[in-house]
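What follows is model_24.cif (mmCIF, C-alpha atoms).
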```
data_coords
#
loop_
_atom_site.group_PDB
_atom_site.id
_atom_site.type_symbol
_atom_site.label_atom_id
_atom_site.label_comp_id
_atom_site.auth_asym_id
_atom_site.auth_seq_id
_atom_site.Cartn_x
_atom_site.Cartn_y
_atom_site.Cartn_z
ATOM 1 C CA MET U 1 159.889 166.136 89.708
ATOM 2 C CA LYS U 2 161.253 163.260 87.701
ATOM 3 C CA THR U 3 158.756 161.006 85.956
ATOM 4 C CA VAL U 4 158.235 157.248 85.840
ATOM 5 C CA LYS U 5 156.609 155.118 83.171
ATOM 6 C CA LEU U 6 153.109 153.869 83.883
ATOM 7 C CA GLY U 7 152.988 150.134 83.375
ATOM 8 C CA LYS U 8 153.498 148.945 79.811
ATOM 9 C CA SER U 9 152.620 152.267 78.235
ATOM 10 C CA SER U 10 154.190 155.407 76.856
ATOM 11 C CA LEU U 11 152.726 157.539 79.677
ATOM 12 C CA HIS U 12 155.141 159.108 82.150
ATOM 13 C CA SER U 13 153.798 160.229 85.520
ATOM 14 C CA THR U 14 155.364 162.088 88.388
ATOM 15 C CA PRO U 15 155.927 159.725 91.343
ATOM 16 C CA LEU U 16 153.388 161.724 93.353
ATOM 17 C CA VAL U 17 149.899 161.980 91.864
ATOM 18 C CA TYR U 18 147.544 164.806 92.810
ATOM 19 C CA GLY U 19 144.152 163.484 93.915
ATOM 20 C CA CYS U 20 141.201 165.703 93.050
ATOM 21 C CA MET U 21 138.519 164.060 95.196
ATOM 22 C CA ARG U 22 138.105 167.027 97.544
ATOM 23 C CA ILE U 23 138.797 170.024 95.343
ATOM 24 C CA SER U 24 135.177 171.204 95.027
ATOM 25 C CA GLY U 25 134.465 170.956 98.768
ATOM 26 C CA ASP U 26 130.858 171.963 99.386
ATOM 27 C CA ASN U 27 130.900 173.660 95.966
ATOM 28 C CA SER U 28 130.611 177.105 97.505
ATOM 29 C CA PRO U 29 132.588 179.903 95.819
ATOM 30 C CA GLU U 30 135.089 179.802 98.691
ATOM 31 C CA SER U 31 135.562 176.030 98.418
ATOM 32 C CA ARG U 32 135.891 176.190 94.661
ATOM 33 C CA GLN U 33 138.575 178.869 94.864
ATOM 34 C CA ARG U 34 140.430 176.796 97.457
ATOM 35 C CA GLY U 35 140.282 173.868 95.056
ATOM 36 C CA LYS U 36 141.618 175.964 92.179
ATOM 37 C CA ASP U 37 144.457 177.221 94.372
ATOM 38 C CA ALA U 38 145.317 173.608 95.216
ATOM 39 C CA ILE U 39 145.399 172.606 91.547
ATOM 40 C CA LEU U 40 147.656 175.540 90.740
ATOM 41 C CA ALA U 41 149.940 174.676 93.664
ATOM 42 C CA ALA U 42 150.237 171.074 92.470
ATOM 43 C CA HIS U 43 150.951 172.178 88.912
ATOM 44 C CA GLU U 44 153.579 174.693 89.999
ATOM 45 C CA ALA U 45 155.154 172.091 92.310
ATOM 46 C CA GLY U 46 155.672 169.836 89.315
ATOM 47 C CA TYR U 47 152.864 167.295 89.632
ATOM 48 C CA ASN U 48 151.794 166.259 86.140
ATOM 49 C CA HIS U 49 149.232 163.574 86.999
ATOM 50 C CA PHE U 50 145.748 164.430 88.285
ATOM 51 C CA ASP U 51 143.377 161.739 89.547
ATOM 52 C CA HIS U 52 139.583 162.052 89.191
ATOM 53 C CA ALA U 53 136.447 159.915 89.284
ATOM 54 C CA ASP U 54 132.985 160.560 87.920
ATOM 55 C CA ILE U 55 131.541 160.549 91.459
ATOM 56 C CA TYR U 56 133.970 163.009 93.060
ATOM 57 C CA GLY U 57 131.959 165.969 94.229
ATOM 58 C CA GLY U 58 129.017 164.671 92.226
ATOM 59 C CA GLY U 59 130.916 165.624 89.060
ATOM 60 C CA HIS U 60 131.830 169.104 90.299
ATOM 61 C CA CYS U 61 135.496 168.164 90.804
ATOM 62 C CA GLU U 62 135.964 167.411 87.122
ATOM 63 C CA GLU U 63 134.175 170.634 86.155
ATOM 64 C CA LEU U 64 136.308 172.659 88.556
ATOM 65 C CA PHE U 65 139.489 171.133 87.212
ATOM 66 C CA ALA U 66 138.555 172.219 83.690
ATOM 67 C CA GLU U 67 137.908 175.747 84.970
ATOM 68 C CA ALA U 68 141.268 175.835 86.744
ATOM 69 C CA MET U 69 143.101 174.669 83.638
ATOM 70 C CA SER U 70 141.477 177.484 81.687
ATOM 71 C CA ASP U 71 141.979 180.136 84.376
ATOM 72 C CA TYR U 72 145.655 179.307 84.871
ATOM 73 C CA ALA U 73 146.451 178.499 81.223
ATOM 74 C CA ILE U 74 147.498 174.940 82.006
ATOM 75 C CA THR U 75 147.838 173.199 78.662
ATOM 76 C CA ARG U 76 146.261 169.801 78.149
ATOM 77 C CA GLU U 77 149.483 168.337 76.768
ATOM 78 C CA CYS U 78 151.426 168.953 79.989
ATOM 79 C CA VAL U 79 149.107 166.966 82.278
ATOM 80 C CA LEU U 80 147.964 163.379 82.618
ATOM 81 C CA ILE U 81 144.300 163.060 83.511
ATOM 82 C CA THR U 82 142.886 159.914 85.082
ATOM 83 C CA SER U 83 139.225 159.329 85.753
ATOM 84 C CA LYS U 84 137.247 156.355 87.010
ATOM 85 C CA CYS U 85 133.742 154.931 86.946
ATOM 86 C CA GLY U 86 131.754 152.004 88.250
ATOM 87 C CA VAL U 87 130.431 153.225 91.614
ATOM 88 C CA ARG U 88 126.722 154.041 91.644
ATOM 89 C CA PHE U 89 125.091 155.580 94.688
ATOM 90 C CA LYS U 90 121.721 154.673 96.124
ATOM 91 C CA ASP U 91 118.937 156.279 94.114
ATOM 92 C CA THR U 92 115.883 158.050 95.541
ATOM 93 C CA PRO U 93 113.617 155.944 97.766
ATOM 94 C CA SER U 94 110.846 156.047 95.160
ATOM 95 C CA GLU U 95 113.125 154.266 92.684
ATOM 96 C CA GLY U 96 114.258 151.735 95.254
ATOM 97 C CA LEU U 97 117.684 151.150 93.702
ATOM 98 C CA PRO U 98 120.559 150.238 96.046
ATOM 99 C CA ALA U 99 124.126 151.449 96.100
ATOM 100 C CA ARG U 100 125.964 149.202 93.670
ATOM 101 C CA TYR U 101 128.849 148.733 91.259
ATOM 102 C CA ASP U 102 128.241 148.659 87.525
ATOM 103 C CA PHE U 103 130.627 147.525 84.800
ATOM 104 C CA SER U 104 127.997 147.135 82.087
ATOM 105 C CA LYS U 105 129.190 148.336 78.705
ATOM 106 C CA GLN U 106 126.692 151.150 78.227
ATOM 107 C CA TYR U 107 127.219 152.492 81.726
ATOM 108 C CA ILE U 108 130.990 152.612 81.214
ATOM 109 C CA LEU U 109 130.664 154.348 77.849
ATOM 110 C CA ASP U 110 128.147 156.881 79.189
ATOM 111 C CA SER U 111 130.284 157.602 82.256
ATOM 112 C CA VAL U 112 133.353 158.358 80.158
ATOM 113 C CA GLU U 113 131.320 160.682 77.952
ATOM 114 C CA GLY U 114 130.220 162.540 81.083
ATOM 115 C CA SER U 115 133.780 162.867 82.374
ATOM 116 C CA LEU U 116 135.038 164.148 79.021
ATOM 117 C CA ARG U 117 132.262 166.728 78.914
ATOM 118 C CA ARG U 118 132.924 167.953 82.459
ATOM 119 C CA LEU U 119 136.691 167.996 81.978
ATOM 120 C CA LYS U 120 136.342 169.720 78.598
ATOM 121 C CA THR U 121 138.798 167.380 76.967
ATOM 122 C CA ASP U 122 138.674 164.976 74.048
ATOM 123 C CA TYR U 123 140.427 162.129 75.828
ATOM 124 C CA LEU U 124 141.482 160.639 79.145
ATOM 125 C CA ASP U 125 145.105 159.590 79.460
ATOM 126 C CA LEU U 126 144.073 156.839 81.844
ATOM 127 C CA PHE U 127 140.682 155.346 82.653
ATOM 128 C CA LEU U 128 140.176 153.069 85.657
ATOM 129 C CA LEU U 129 137.340 150.827 86.757
ATOM 130 C CA HIS U 130 136.725 152.150 90.251
ATOM 131 C CA ARG U 131 135.626 149.197 92.395
ATOM 132 C CA PRO U 132 135.031 145.624 91.223
ATOM 133 C CA ASP U 133 131.487 144.847 90.153
ATOM 134 C CA TYR U 134 130.901 141.385 91.606
ATOM 135 C CA LEU U 135 128.488 140.640 88.761
ATOM 136 C CA PHE U 136 130.570 141.940 85.877
ATOM 137 C CA ASN U 137 130.827 140.065 82.618
ATOM 138 C CA PRO U 138 134.542 140.246 81.743
ATOM 139 C CA ASP U 139 133.909 139.953 77.996
ATOM 140 C CA GLU U 140 131.398 142.805 78.005
ATOM 141 C CA THR U 141 133.590 145.000 80.188
ATOM 142 C CA ALA U 142 136.668 144.322 78.070
ATOM 143 C CA GLU U 143 134.667 145.205 74.955
ATOM 144 C CA ALA U 144 133.718 148.557 76.487
ATOM 145 C CA LEU U 145 137.359 149.323 77.315
ATOM 146 C CA GLN U 146 138.466 148.371 73.811
ATOM 147 C CA ASP U 147 135.800 150.591 72.246
ATOM 148 C CA LEU U 148 137.010 153.538 74.336
ATOM 149 C CA VAL U 149 140.620 153.030 73.259
ATOM 150 C CA ASP U 150 139.696 152.442 69.613
ATOM 151 C CA SER U 151 137.653 155.661 69.571
ATOM 152 C CA GLY U 152 140.564 157.688 70.994
ATOM 153 C CA LYS U 153 138.518 158.760 74.015
ATOM 154 C CA VAL U 154 140.847 156.838 76.344
ATOM 155 C CA ARG U 155 144.574 156.275 75.816
ATOM 156 C CA HIS U 156 145.132 153.546 78.401
ATOM 157 C CA CYS U 157 143.063 151.555 80.885
ATOM 158 C CA GLY U 158 143.560 150.173 84.359
ATOM 159 C CA VAL U 159 141.688 149.146 87.478
ATOM 160 C CA SER U 160 141.212 150.265 91.053
ATOM 161 C CA ASN U 161 140.726 148.176 94.200
ATOM 162 C CA PHE U 162 141.090 144.913 92.276
ATOM 163 C CA LYS U 163 142.381 141.780 93.960
ATOM 164 C CA PRO U 164 144.863 139.689 91.950
ATOM 165 C CA SER U 165 142.225 137.190 90.778
ATOM 166 C CA GLN U 166 139.925 139.996 89.607
ATOM 167 C CA TYR U 167 142.757 141.671 87.733
ATOM 168 C CA ARG U 168 143.769 138.353 86.171
ATOM 169 C CA LEU U 169 140.222 137.628 85.006
ATOM 170 C CA LEU U 170 139.703 140.979 83.292
ATOM 171 C CA GLN U 171 143.191 141.033 81.784
ATOM 172 C CA SER U 172 142.541 137.596 80.281
ATOM 173 C CA ARG U 173 139.766 139.170 78.185
ATOM 174 C CA CYS U 174 141.630 142.363 77.226
ATOM 175 C CA SER U 175 144.023 142.555 74.317
ATOM 176 C CA MET U 176 145.562 145.713 75.801
ATOM 177 C CA PRO U 177 147.550 145.697 79.061
ATOM 178 C CA LEU U 178 145.785 147.089 82.130
ATOM 179 C CA ILE U 179 148.598 149.362 83.248
ATOM 180 C CA VAL U 180 147.551 150.508 86.755
ATOM 181 C CA ASN U 181 145.927 149.085 89.871
ATOM 182 C CA GLN U 182 144.987 151.827 92.331
ATOM 183 C CA VAL U 183 144.543 150.418 95.846
ATOM 184 C CA GLU U 184 144.549 151.622 99.428
ATOM 185 C CA VAL U 185 147.999 151.484 101.010
ATOM 186 C CA ASN U 186 148.786 153.136 104.327
ATOM 187 C CA ILE U 187 150.015 152.288 107.812
ATOM 188 C CA HIS U 188 146.584 150.914 108.697
ATOM 189 C CA ASN U 189 145.790 148.988 105.523
ATOM 190 C CA VAL U 190 148.651 146.813 104.304
ATOM 191 C CA ASP U 191 146.472 144.244 102.535
ATOM 192 C CA ALA U 192 148.152 144.920 99.184
ATOM 193 C CA LEU U 193 151.478 143.837 100.697
ATOM 194 C CA LEU U 194 150.004 140.578 101.931
ATOM 195 C CA ASP U 195 147.373 139.441 99.415
ATOM 196 C CA GLY U 196 149.559 139.273 96.317
ATOM 197 C CA THR U 197 148.467 142.583 94.775
ATOM 198 C CA LEU U 198 151.904 144.202 94.810
ATOM 199 C CA ASP U 199 153.573 140.922 93.860
ATOM 200 C CA GLN U 200 151.329 140.729 90.805
ATOM 201 C CA CYS U 201 152.132 144.326 89.887
ATOM 202 C CA GLN U 202 155.846 143.545 89.902
ATOM 203 C CA GLU U 203 155.361 140.283 88.006
ATOM 204 C CA LEU U 204 153.298 141.849 85.212
ATOM 205 C CA GLY U 205 154.772 145.346 85.059
ATOM 206 C CA VAL U 206 151.648 147.024 86.428
ATOM 207 C CA THR U 207 152.020 150.358 88.255
ATOM 208 C CA PRO U 208 150.342 150.406 91.672
ATOM 209 C CA GLN U 209 148.943 153.673 92.994
ATOM 210 C CA ALA U 210 148.155 154.251 96.675
ATOM 211 C CA TRP U 211 145.017 156.093 97.696
ATOM 212 C CA CYS U 212 144.716 157.384 101.264
ATOM 213 C CA PRO U 213 148.502 156.999 101.734
ATOM 214 C CA ILE U 214 148.703 158.955 104.984
ATOM 215 C CA GLY U 215 145.516 157.536 106.471
ATOM 216 C CA GLY U 216 146.146 156.580 110.075
ATOM 217 C CA VAL U 217 148.781 159.311 110.371
ATOM 218 C CA ALA U 218 147.447 162.686 109.257
ATOM 219 C CA TYR U 219 143.804 161.603 109.476
ATOM 220 C CA PRO U 220 141.918 158.421 110.456
ATOM 221 C CA ALA U 221 142.173 155.586 107.964
ATOM 222 C CA TRP U 222 139.012 154.121 106.437
ATOM 223 C CA GLY U 223 137.595 151.452 108.732
ATOM 224 C CA ASN U 224 140.215 152.220 111.361
ATOM 225 C CA THR U 225 140.660 149.398 113.877
ATOM 226 C CA PHE U 226 143.755 150.694 115.657
ATOM 227 C CA THR U 227 143.543 151.027 119.424
ATOM 228 C CA GLN U 228 144.862 154.091 121.222
ATOM 229 C CA GLU U 229 147.852 151.980 122.227
ATOM 230 C CA ASP U 230 148.503 151.089 118.573
ATOM 231 C CA GLU U 231 148.288 154.723 117.500
ATOM 232 C CA ALA U 232 150.612 155.867 120.284
ATOM 233 C CA ARG U 233 153.197 153.203 119.419
ATOM 234 C CA ILE U 234 153.132 154.107 115.715
ATOM 235 C CA LYS U 235 153.411 157.810 116.489
ATOM 236 C CA VAL U 236 156.500 157.277 118.636
ATOM 237 C CA GLU U 237 158.277 155.543 115.748
ATOM 238 C CA LEU U 238 157.035 158.019 113.132
ATOM 239 C CA ASP U 239 158.179 160.941 115.257
ATOM 240 C CA ARG U 240 161.597 159.317 115.767
ATOM 241 C CA GLN U 241 162.015 158.874 112.031
ATOM 242 C CA ALA U 242 160.679 162.361 111.311
ATOM 243 C CA GLU U 243 163.429 163.802 113.511
ATOM 244 C CA LYS U 244 166.034 161.558 111.891
ATOM 245 C CA TYR U 245 165.108 162.612 108.354
ATOM 246 C CA SER U 246 164.173 166.219 109.273
ATOM 247 C CA VAL U 247 160.662 166.003 107.812
ATOM 248 C CA GLU U 248 157.078 165.896 109.066
ATOM 249 C CA ASN U 249 155.944 162.470 110.241
ATOM 250 C CA TRP U 250 153.345 162.132 107.481
ATOM 251 C CA VAL U 251 156.139 162.682 104.946
ATOM 252 C CA VAL U 252 157.878 159.661 106.463
ATOM 253 C CA MET U 253 154.728 157.671 105.702
ATOM 254 C CA LEU U 254 154.967 158.630 102.025
ATOM 255 C CA ALA U 255 158.630 157.595 102.006
ATOM 256 C CA TRP U 256 157.649 154.247 103.564
ATOM 257 C CA ILE U 257 155.242 153.618 100.673
ATOM 258 C CA LEU U 258 157.706 154.824 98.039
ATOM 259 C CA LYS U 259 160.332 152.412 99.381
ATOM 260 C CA HIS U 260 158.435 149.371 98.112
ATOM 261 C CA PRO U 261 160.032 147.859 94.975
ATOM 262 C CA ALA U 262 156.688 147.700 93.186
ATOM 263 C CA GLY U 263 157.080 151.425 92.508
ATOM 264 C CA ILE U 264 153.912 152.608 94.249
ATOM 265 C CA LEU U 265 152.730 156.115 93.315
ATOM 266 C CA PRO U 266 151.087 157.799 96.345
ATOM 267 C CA ILE U 267 148.060 159.991 95.637
ATOM 268 C CA VAL U 268 148.308 163.289 97.523
ATOM 269 C CA GLY U 269 144.845 164.682 98.198
ATOM 270 C CA SER U 270 145.446 167.731 100.379
ATOM 271 C CA THR U 271 143.900 171.044 99.312
ATOM 272 C CA THR U 272 146.489 172.999 101.329
ATOM 273 C CA PRO U 273 149.183 174.342 98.985
ATOM 274 C CA GLU U 274 151.961 174.092 101.558
ATOM 275 C CA ARG U 275 151.206 170.411 102.226
ATOM 276 C CA ILE U 276 151.080 169.732 98.486
ATOM 277 C CA ARG U 277 154.566 171.193 98.155
ATOM 278 C CA THR U 278 155.873 169.573 101.334
ATOM 279 C CA ALA U 279 154.902 166.095 100.121
ATOM 280 C CA LYS U 280 157.781 166.324 97.633
ATOM 281 C CA LYS U 281 160.246 165.964 100.510
ATOM 282 C CA SER U 282 159.378 162.260 100.547
ATOM 283 C CA LEU U 283 161.162 161.907 97.206
ATOM 284 C CA GLU U 284 164.395 163.304 98.635
ATOM 285 C CA ILE U 285 164.708 160.952 101.604
ATOM 286 C CA ASN U 286 167.246 158.150 101.432
ATOM 287 C CA TYR U 287 164.853 155.965 103.402
ATOM 288 C CA GLU U 288 166.572 153.027 105.057
ATOM 289 C CA HIS U 289 165.516 149.398 104.753
ATOM 290 C CA GLU U 290 165.738 149.000 108.523
ATOM 291 C CA ASP U 291 163.464 151.980 109.195
ATOM 292 C CA TRP U 292 160.829 150.440 106.922
ATOM 293 C CA TYR U 293 160.792 147.392 109.195
ATOM 294 C CA ARG U 294 160.888 149.474 112.383
ATOM 295 C CA LEU U 295 157.683 151.190 111.301
ATOM 296 C CA PHE U 296 156.136 147.889 110.208
ATOM 297 C CA GLU U 297 156.967 146.437 113.626
ATOM 298 C CA ALA U 298 155.457 149.476 115.354
ATOM 299 C CA ARG U 299 152.312 148.994 113.291
ATOM 300 C CA ASN U 300 151.973 145.323 114.188
ATOM 301 C CA GLY U 301 153.098 145.587 117.809
ATOM 302 C CA VAL U 302 155.407 142.604 117.333
ATOM 303 C CA GLN U 303 158.581 141.960 115.404
ATOM 304 C CA VAL U 304 158.375 139.991 112.186
ATOM 305 C CA PRO U 305 158.453 136.214 112.827
#
```
Let me see the structure of the file written as structure tokens.
Amino acid sequence: MKTVKLGKSSLHSTPLVYGCMRISGDNSPESRQRGKDAILAAHEAGYNHFDHADIYGGGHCEELFAEAMSDYAITRECVLITSKCGVRFKDTPSEGLPARYDFSKQYILDSVEGSLRRLKTDYLDLFLLHRPDYLFNPDETAEALQDLVDSGKVRHCGVSNFKPSQYRLLQSRCSMPLIVNQVEVNIHNVDALLDGTLDQCQELGVTPQAWCPIGGVAYPAWGNTFTQEDEARIKVELDRQAEKYSVENWVVMLAWILKHPAGILPIVGSTTPERIRTAKKSLEINYEHEDWYRLFEARNGVQVP
């Protein structure tokens, strides 16, 4: 695969990112081997960018990735590793602590240390704040990010699930550019097209990444509100385009996302080697402007005004 530059940085990522959220499964030996096979398939298919978070698999996904790199002699220099932090789950009832987001400096620093230990690496190529902490102090959070970069533990920083105002606030306190905003983009959730997120990315040279890119096609999207009539209408158009381009209909969905001029990088999270390889077909499609709008119209049930 060719590579593209990530934001205002020297990092070059493949246009498809491999998402490691599911690689440990239930952490049984069988699930772990399936996860290792998926990592190897992505590596052999040319993916160079692997997306993690401290919470994925309760930390087991990062540990498994390190094992796979060792088992398959994947060198650290040939991959980009992203990890994220900021999501904290509900603690035991006796502690009485709720599910929450946390961008406090010490929590960020401790979380990165944990990811580095599990990944068995000295640095993260990219570190993202996972979901906005509504109570975050932008000066404190920016200080934590700067400390991580100054120490060499993180090469570049970005955000995930940030709205334009949240990105703007944090960037105003950071001397370094925040090079990525990872948001949900799929046929069900097009908020990033409408709320200024992708416009801001183009304006500032930020690289958007799309999590759950085939939600609503290959599997239900988060918070799905489509009716059966909506789903049937979308499927008719996806199937028509799949026949036209001689690909699976979920590959069309990746091409639809890749068409956007913001340069969105879809995150492929399948643990099936064949699907990991097949996703690359989306990069070969000469996807037409008109088909983008046909699918958008099918999604909305009405033509654009």
Give me the stretch 185-258 of chain U side of the contact with stretch 4-14 of chain U, cut-off 9 Å, one line per residue showing its nearest atom pair and distance in Å at one decimal, counting all atoms listed in the file, sorted by chain and residue number, as a tab-separated table.
```
residue	atom	partner	partner_atom	distance
U:Cys201	CA	U:Gly7	CA	8.8
U:Leu204	CA	U:Gly7	CA	8.5
U:Gly205	CA	U:Gly7	CA	5.4
U:Val206	CA	U:Gly7	CA	4.6
U:Thr207	CA	U:Gly7	CA	5.0
U:Pro208	CA	U:Gly7	CA	8.7
```
Exercise for review: Determine, counting all atoms listed in the file, which protein, DNA and RNA residues have an atom within 6 Å of an atom of stretch 260-266 of chain U; residues of the same chain fewer than 5 positions away are not included. Present the result as a list in words.
Suggested key: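 So the residues in contact are Pro15, Leu16, Gln202, Pro208, Gln209 and Ala210 of chain U.
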Exercise for review: Measure the distance from atom CA of U:Ile55 to atom CA of U:Glu274 in Å and round it to one decimal.
Suggested key: 26.5 Å
Check your understanding: Of the residues U:Tyr18, U:Phe296, U:Phe89, U:Phe65, which is the one nearest to U:Ile234, using only C-alpha atoms?
Key ->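 With only C-alpha atoms as the atom set, the closest residue is U:Phe296.
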Exercise for review: Run the PyMOL selection byres ((chain U and resi 172-178) around 7) on the file and write out the hits as number ranges by chain.
Suggested key: U: 8, 138-139, 142, 157-158, 168-171, 179-180
Selected residues written out, C-alpha atoms, as an mmCIF file, in the frame of the given file:
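Result file out-v8.cif:
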```cif
data_model
loop_
_atom_site.group_PDB
_atom_site.id
_atom_site.type_symbol
_atom_site.label_atom_id
_atom_site.label_comp_id
_atom_site.auth_asym_id
_atom_site.auth_seq_id
_atom_site.Cartn_x
_atom_site.Cartn_y
_atom_site.Cartn_z
ATOM 1 C CA LYS U 8 153.498 148.945 79.811
ATOM 2 C CA PRO U 138 134.542 140.246 81.743
ATOM 3 C CA ASP U 139 133.909 139.953 77.996
ATOM 4 C CA ALA U 142 136.668 144.322 78.070
ATOM 5 C CA CYS U 157 143.063 151.555 80.885
ATOM 6 C CA GLY U 158 143.560 150.173 84.359
ATOM 7 C CA ARG U 168 143.769 138.353 86.171
ATOM 8 C CA LEU U 169 140.222 137.628 85.006
ATOM 9 C CA LEU U 170 139.703 140.979 83.292
ATOM 10 C CA GLN U 171 143.191 141.033 81.784
ATOM 11 C CA ILE U 179 148.598 149.362 83.248
ATOM 12 C CA VAL U 180 147.551 150.508 86.755
#
```
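In this comparison, which uses all atoms listed in the file, the residue of U:Cys212, U:Asp239, U:Gln106, U:Met1 approaching U:Ser270 most closely is U:Cys212.
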Check your understanding: Between U:Gln166, U:Thr278, U:Asn181, U:Thr92, which has the minimum distance to U:Trp211 (counting all atoms listed in the file)?
Key -> U:Asn181
Revision key, fill the gap. Shortest contact to U:Thr141, candidates U:Pro93, U:Gly86, U:Gly196, U:Pro98, atoms counted all atoms listed in the file, goes to U:Gly86
Practice item. Starting from the point (146.5, 158.7, 77.7), work out which residues of protein, DNA or RNA have an atom no more than 10 Å away when counting only C-alpha atoms; state them as a list in words. Key: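 Neighbouring residues, ordered by chain and number, come to Ser9, Ser10, Leu11, His12, Val79, Leu80, Ile81, Thr82, Tyr123, Leu124, Asp125, Leu126, Phe127, Val149, Gly152, Lys153, Val154, Arg155, His156 and Cys157 of chain U.
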Write the residues of the preceding selection, restricted to C-alpha atoms, as a PDB file, in the frame of the given file.
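As written to disk, result33.pdb reads:
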```
ATOM      1  CA  SER U   9     152.620 152.267  78.235  1.00  0.00           C
ATOM      2  CA  SER U  10     154.190 155.407  76.856  1.00  0.00           C
ATOM      3  CA  LEU U  11     152.726 157.539  79.677  1.00  0.00           C
ATOM      4  CA  HIS U  12     155.141 159.108  82.150  1.00  0.00           C
ATOM      5  CA  VAL U  79     149.107 166.966  82.278  1.00  0.00           C
ATOM      6  CA  LEU U  80     147.964 163.379  82.618  1.00  0.00           C
ATOM      7  CA  ILE U  81     144.300 163.060  83.511  1.00  0.00           C
ATOM      8  CA  THR U  82     142.886 159.914  85.082  1.00  0.00           C
ATOM      9  CA  TYR U 123     140.427 162.129  75.828  1.00  0.00           C
ATOM     10  CA  LEU U 124     141.482 160.639  79.145  1.00  0.00           C
ATOM     11  CA  ASP U 125     145.105 159.590  79.460  1.00  0.00           C
ATOM     12  CA  LEU U 126     144.073 156.839  81.844  1.00  0.00           C
ATOM     13  CA  PHE U 127     140.682 155.346  82.653  1.00  0.00           C
ATOM     14  CA  VAL U 149     140.620 153.030  73.259  1.00  0.00           C
ATOM     15  CA  GLY U 152     140.564 157.688  70.994  1.00  0.00           C
ATOM     16  CA  LYS U 153     138.518 158.760  74.015  1.00  0.00           C
ATOM     17  CA  VAL U 154     140.847 156.838  76.344  1.00  0.00           C
ATOM     18  CA  ARG U 155     144.574 156.275  75.816  1.00  0.00           C
ATOM     19  CA  HIS U 156     145.132 153.546  78.401  1.00  0.00           C
ATOM     20  CA  CYS U 157     143.063 151.555  80.885  1.00  0.00           C
TER      21      CYS U 157
END
```
Review point. Which residues match the PyMOL selection byres ((chain U and resi 185) around 8) in the file above, as a list in words?
Key: Val183, Glu184, Asn186, Ile187, His188, Asn189, Val190, Asp191, Ala192, Ala210, Trp211, Cys212, Pro213 and Ile257 of chain U
